[in-house]
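Trainee: Encoded as C-alpha cells, here's the structure I'll be asking about.
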Amino acid sequence: MLMPPFTLHHPQSIEEAVSLAAELIGKDEAFDWVAGGTDVLPNYKWHINPKPHVISLAAIADAHALSTCEIGCMVPLASLTSANGVHPLLVEAASKVASTLIRKSATVGGNLCLDTRCFWYNQGEDWRRSIDWCHKADCGTGADCRVIPNQNTLCVATYQGDMAPNFMVLGASVVLIGPEGERTLPLQEFYQLDGMKKNVLEPGEFLLKVVLPDDVMQREGCYQKLRVRDSWDFPEAGIAASWVPGQMESLTIASTALESIPRLHADVVGEHMAPRSSELDVIALSKAIQKSVKPVNNTALPPRYRRSMVKTLTKRALQGLFGER
C-alpha cells in the first residue's frame with residue numbers, strides 16, 4: 001500500500017492552525033486534520049478519500065490538556081487512566097479500544113471524529129473499482145448506496161467509535177475552533193445522521209477538546225461492547241450507561257456502532273422511569289433500547305444479530321450499575 005503524496009503542515013498554535021485552514025479554503029484546496037493518525041493514515045494508504053494537504057494538531061499545546069473535566073483532542077487513549085484523574089468509565093472504555101500499541105497513538109479527538117465505516121467503503125481502491133463504486137466513494141459517478149440499493153441521497157456507513165457514547169452519558173460537551181471563532185455544544189449534538197457528513201464541523205473547524213461537568217465524578221458508569229475479537233476490533237455494538245448512585249432520574253444510556261451516529265437515548269429512558277424513581281424495569285428498558293436502533297448490513301456481523309445483542313448489552317450495563325436485579 002503506497003501512501004499518496006500530500007503536504008503535511010505543523011501549526012504551532014490554534015491561531016496558526018485556523019489561519020492555515022482559512023488559507024487553504026481560500027485557495028479551494030482540500031485538507032484533513034490529523035491527530036494520532038491511526039484512522040486517517042491507513043485510509044490514505046487504501047486511497048480512501050485522500051487530500052492534498054494534512055494539518056497536524058500535534059504541536060498545539062491546548063490540544064494536550066488532561067484533567068478530570070478537560071481532555072484535549074491530542075491526548076492518547078493510553079493516557080486515560082485513573083492516575084491522571086480520568087473518570088473510571090472513560091478509563092474502561094479506552095482500555096477496550098483496539099490494542100495496547102494503537103492506544104498509545106490513537107487520540108481522544110481522533111476517536112470522536114472517527115470516519116464512519118462500511119464493508120463496501122473500507123476496501124482498497126482496486127477492489128472498489130472492480131465491483132463499481134458506492135455512494136460515499138463514487139468518484140464522480142453518482143453511484144448508488146451498496147447497502148440500500150437504488151438510493152444515493154443518504155450514506156448509511158456506521159460510526160464505530162468507542163469513546164463517544166461514554167462521554168455522552170457523562171454529559172460531555174465539545175469545544176470546536178475554526179475561522180469563524182469558537183463554539184461549544186453538547187457532544188450528542190456534534191454528530192449528524194449521514195455517513196458522509198458525519199458531524200457538524202464547518203469547513204476549517206476542528207475539535208479542540210472535550211469538557212465534562214464539574215460534578216462528573218459523582219457519576220458511575222458501565223460500558224458493554226460487542227466485537228469479533230476482544231483484543232482488537234471495532235465495536236459491532238456498544239452500550240454505555242451512567243447514573244448518580246441513588247438517583248434513578250439521573251440515568252443516561254447511549255449506543256454506538258449501530259447507526260451512522262452514536263446516540264443518546266434520553267427519550268427512551270425517560271419513558272421507562274417508574275412513578276417512583278427508585279423503581280426501574282431493566283428488562284423493559286433493555287427491550288426499548290433494542291427497538292430504537294436500526295443497524296444495517298455493512299459491518300462484520302449481521303444486523304439482526306447486532307440488534308438482538310443490544311438488549312443483552314443494555315441489561316449487562318444496567319446490572320453493572322445497579323447490581324443484579
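Labels for the C-alpha cells follow display order: chains A, B, ..., residues from 1 in each chain, ligands from 1.
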Skipping near chain neighbours, those fewer than 5 positions away, what residues fall within 8 Å of range 44-55 of chain A using only C-alpha atoms, listed as a list in words?
Mentor: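 Listed by chain and then number, they are Met1, Leu2, Met3, Pro4, Pro5, Phe6, Thr7, Leu8, His9, His10, Pro11, Ala17, Glu29, Ala30, Phe31, Asp32, Trp33, Val34, Tyr121, Asn122, Gln123, Gly124, Glu125 and Ala137 of chain A.
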Trainee: Show me a table, sorted first by chain and then by increasing residue number, of the residues of range 18-131 of chain A having an atom at most 10 Å from range 158-161 of chain A, each with its shortest atom pair and the distance in Å to one decimal, counting only C-alpha atoms and written as JSON lines.
Mentor:
```
{"residue": "A:Val97", "atom": "CA", "partner": "A:Gly161", "partner_atom": "CA", "distance": 8.5}
{"residue": "A:Gly110", "atom": "CA", "partner": "A:Gly161", "partner_atom": "CA", "distance": 9.3}
{"residue": "A:Asn111", "atom": "CA", "partner": "A:Gly161", "partner_atom": "CA", "distance": 5.8}
{"residue": "A:Leu112", "atom": "CA", "partner": "A:Gly161", "partner_atom": "CA", "distance": 6.6}
{"residue": "A:Cys113", "atom": "CA", "partner": "A:Gly161", "partner_atom": "CA", "distance": 8.3}
{"residue": "A:Leu114", "atom": "CA", "partner": "A:Gly161", "partner_atom": "CA", "distance": 6.3}
{"residue": "A:Asp115", "atom": "CA", "partner": "A:Tyr159", "partner_atom": "CA", "distance": 6.9}
{"residue": "A:Thr116", "atom": "CA", "partner": "A:Tyr159", "partner_atom": "CA", "distance": 4.4}
{"residue": "A:Arg117", "atom": "CA", "partner": "A:Thr158", "partner_atom": "CA", "distance": 5.1}
{"residue": "A:Cys118", "atom": "CA", "partner": "A:Thr158", "partner_atom": "CA", "distance": 6.2}
{"residue": "A:Phe119", "atom": "CA", "partner": "A:Thr158", "partner_atom": "CA", "distance": 9.6}
```
Trainee: Counting only C-alpha atoms, which of A:Pro186, A:Thr81, A:Gly37, A:Ala63 gets nearest to Gln12 in chain A?
Mentor: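 Closest to Gln12 in chain A of all the choices is A:Ala63.
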Trainee: Nearest residue to Ala93 in chain A out of A:Gly320, A:Pro42, A:Gly26, A:Pro165, using only C-alpha atoms?
Mentor: A:Pro165
Trainee: With only C-alpha atoms as the atoms that count, which of A:Leu207, A:Ile253, A:Asp126, A:Ala35 lies nearest to Ser105 in chain A?
Mentor: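 Closest residue, counting only C-alpha atoms: A:Ala35.
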Trainee: Applying 12 Å and only C-alpha atoms, which residues near Ile102 in chain A remain after dropping the ones on its own chain fewer than 5 positions away? List them as a CSV table (one decimal) with C-alpha atoms, in the first residue's frame.
Mentor:
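The resulting file, selection.csv, is reproduced below:
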```csv
chain,number,residue,atom,x,y,z
A,36,GLY,CA,-2.9,10.4,16.1
A,37,GLY,CA,-3.4,9.3,12.5
A,38,THR,CA,-4.5,5.7,13.3
A,39,ASP,CA,-7.6,6.1,11.2
A,76,PRO,CA,-3.6,9.5,23.6
A,77,LEU,CA,-6.2,6.9,24.7
A,78,ALA,CA,-3.4,5.2,26.7
A,94,ALA,CA,-10.4,3.5,26.4
A,95,SER,CA,-9.0,0.1,27.6
A,96,LYS,CA,-11.3,-1.7,25.2
A,97,VAL,CA,-10.2,0.2,22.1
A,107,THR,CA,-6.2,10.1,20.4
A,110,GLY,CA,-9.4,11.1,16.6
A,111,ASN,CA,-11.8,8.6,18.2
A,231,SER,CA,-8.2,-7.9,21.7
A,232,TRP,CA,-8.6,-5.7,18.6
A,233,ASP,CA,-11.8,-5.0,16.7
```
Trainee: Select from range 172-282 of chain A everything DSSP, run on the backbone, classes as helix (DSSP H, G or I), then give the selection as number ranges by chain.
Mentor: A: 187-189, 216-218, 266-271, 282
Trainee: Would you put the residues from that selection into a file with N, CA and C atoms, as a PDB file, in the first residue's frame?
Mentor:
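Dumped to selection24.pdb:
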```pdb
ATOM      1  N   LEU A 187     -22.029  17.009  23.268  1.00  0.00           N
ATOM      2  CA  LEU A 187     -21.460  16.031  22.339  1.00  0.00           C
ATOM      3  C   LEU A 187     -22.527  15.369  21.484  1.00  0.00           C
ATOM      4  N   GLN A 188     -23.710  15.112  22.042  1.00  0.00           N
ATOM      5  CA  GLN A 188     -24.752  14.448  21.257  1.00  0.00           C
ATOM      6  C   GLN A 188     -25.222  15.307  20.091  1.00  0.00           C
ATOM      7  N   GLU A 189     -24.960  16.609  20.131  1.00  0.00           N
ATOM      8  CA  GLU A 189     -25.327  17.488  19.021  1.00  0.00           C
ATOM      9  C   GLU A 189     -24.201  17.629  18.001  1.00  0.00           C
ATOM     10  N   VAL A 216     -18.716  15.544  37.582  1.00  0.00           N
ATOM     11  CA  VAL A 216     -18.744  14.286  36.832  1.00  0.00           C
ATOM     12  C   VAL A 216     -18.338  13.090  37.684  1.00  0.00           C
ATOM     13  N   MET A 217     -17.467  13.290  38.669  1.00  0.00           N
ATOM     14  CA  MET A 217     -17.007  12.170  39.483  1.00  0.00           C
ATOM     15  C   MET A 217     -18.098  11.618  40.403  1.00  0.00           C
ATOM     16  N   GLN A 218     -19.231  12.298  40.497  1.00  0.00           N
ATOM     17  CA  GLN A 218     -20.349  11.755  41.276  1.00  0.00           C
ATOM     18  C   GLN A 218     -21.028  10.610  40.532  1.00  0.00           C
ATOM     19  N   ALA A 266     -32.131   9.506  25.562  1.00  0.00           N
ATOM     20  CA  ALA A 266     -32.779  10.199  26.679  1.00  0.00           C
ATOM     21  C   ALA A 266     -34.288   9.983  26.678  1.00  0.00           C
ATOM     22  N   ASP A 267     -34.922  10.044  25.511  1.00  0.00           N
ATOM     23  CA  ASP A 267     -36.376   9.896  25.443  1.00  0.00           C
ATOM     24  C   ASP A 267     -36.811   8.503  25.871  1.00  0.00           C
ATOM     25  N   VAL A 268     -36.088   7.487  25.404  1.00  0.00           N
ATOM     26  CA  VAL A 268     -36.461   6.107  25.748  1.00  0.00           C
ATOM     27  C   VAL A 268     -36.315   5.878  27.249  1.00  0.00           C
ATOM     28  N   VAL A 269     -35.217   6.359  27.826  1.00  0.00           N
ATOM     29  CA  VAL A 269     -35.006   6.206  29.269  1.00  0.00           C
ATOM     30  C   VAL A 269     -36.100   6.938  30.036  1.00  0.00           C
ATOM     31  N   GLY A 270     -36.446   8.156  29.609  1.00  0.00           N
ATOM     32  CA  GLY A 270     -37.477   8.927  30.294  1.00  0.00           C
ATOM     33  C   GLY A 270     -38.828   8.244  30.290  1.00  0.00           C
ATOM     34  N   GLU A 271     -39.150   7.581  29.184  1.00  0.00           N
ATOM     35  CA  GLU A 271     -40.443   6.892  29.074  1.00  0.00           C
ATOM     36  C   GLU A 271     -40.548   5.680  29.989  1.00  0.00           C
ATOM     37  N   VAL A 282     -35.601  -3.157  34.267  1.00  0.00           N
ATOM     38  CA  VAL A 282     -34.403  -3.270  33.446  1.00  0.00           C
ATOM     39  C   VAL A 282     -34.686  -4.001  32.142  1.00  0.00           C
TER      40      VAL A 282
END
```
Trainee: Residues at most 7 Å from range 193-195 of chain A, counting only C-alpha atoms, excluding those fewer than 4 positions away in the same chain, as an MDAnalysis selection string?
Mentor: chainID A and resid 116 154:158 260:261
Trainee: From a DSSP pass on the backbone, collect the residues of range 95-294 of chain A flagged as strand (DSSP E) and hand them back as a VMD selection string.
Mentor: chain A and resid 173 to 178 181 to 186 206 to 211 220 to 226 237 to 244 247 to 256 263 to 264
Trainee: Determine the nearest neighbour of Thr256 in chain A from the options A:Ala61, A:Leu90, A:Met168, A:Leu185, counting only C-alpha atoms.
Mentor: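 Distance minimum relative to Thr256 in chain A lands on A:Met168.
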Trainee: Between CA of Pro295 in chain A and CA of Leu318 in chain A, what is the spacing in Å?
Mentor: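 Atom-to-atom, CA of Leu318 in chain A and CA of Pro295 in chain A are spaced 21.6 Å apart.
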Trainee: Near Asp144 in chain A, counting only C-alpha atoms, which residues have an atom at most 7 Å away, once you skip same-chain residues fewer than 5 positions from it, shown as a JSON list (two decimals) with C-alpha atoms, in the first residue's frame?
Mentor:
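Saved result, selection01.json, follows:
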```json
[["chain", "number", "residue", "atom", "x", "y", "z"],
["A", 134, "CYS", "CA", -20.57, 3.23, -3.68],
["A", 135, "HIS", "CA", -22.41, 6.42, -2.74],
["A", 149, "PRO", "CA", -29.93, -0.16, -3.34],
["A", 150, "ASN", "CA", -31.38, 2.48, -5.64],
["A", 151, "GLN", "CA", -30.74, 5.47, -3.40],
["A", 152, "ASN", "CA", -27.89, 7.96, -3.32]]
```
Trainee: Skipping near chain neighbours, those fewer than 5 positions away, what residues fall within 12 Å of Ser292 in chain A using only C-alpha atoms, listed as an NGL selection string?
Mentor: :A and (254-255 or 258-259 or 263-269 or 285-287 or 307-308 or 310-311)
Trainee: Determine the nearest neighbour of Asn166 in chain A from the options A:Met74, A:Ala59, A:Ala241, A:Val210, counting only C-alpha atoms.
Mentor: A:Ala241
Trainee: CA of Glu249 in chain A and CA of Met273 in chain A are how many Å apart?
Mentor: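 Atom-to-atom, CA of Glu249 in chain A to CA of Met273 in chain A, that is 7.4 Å.
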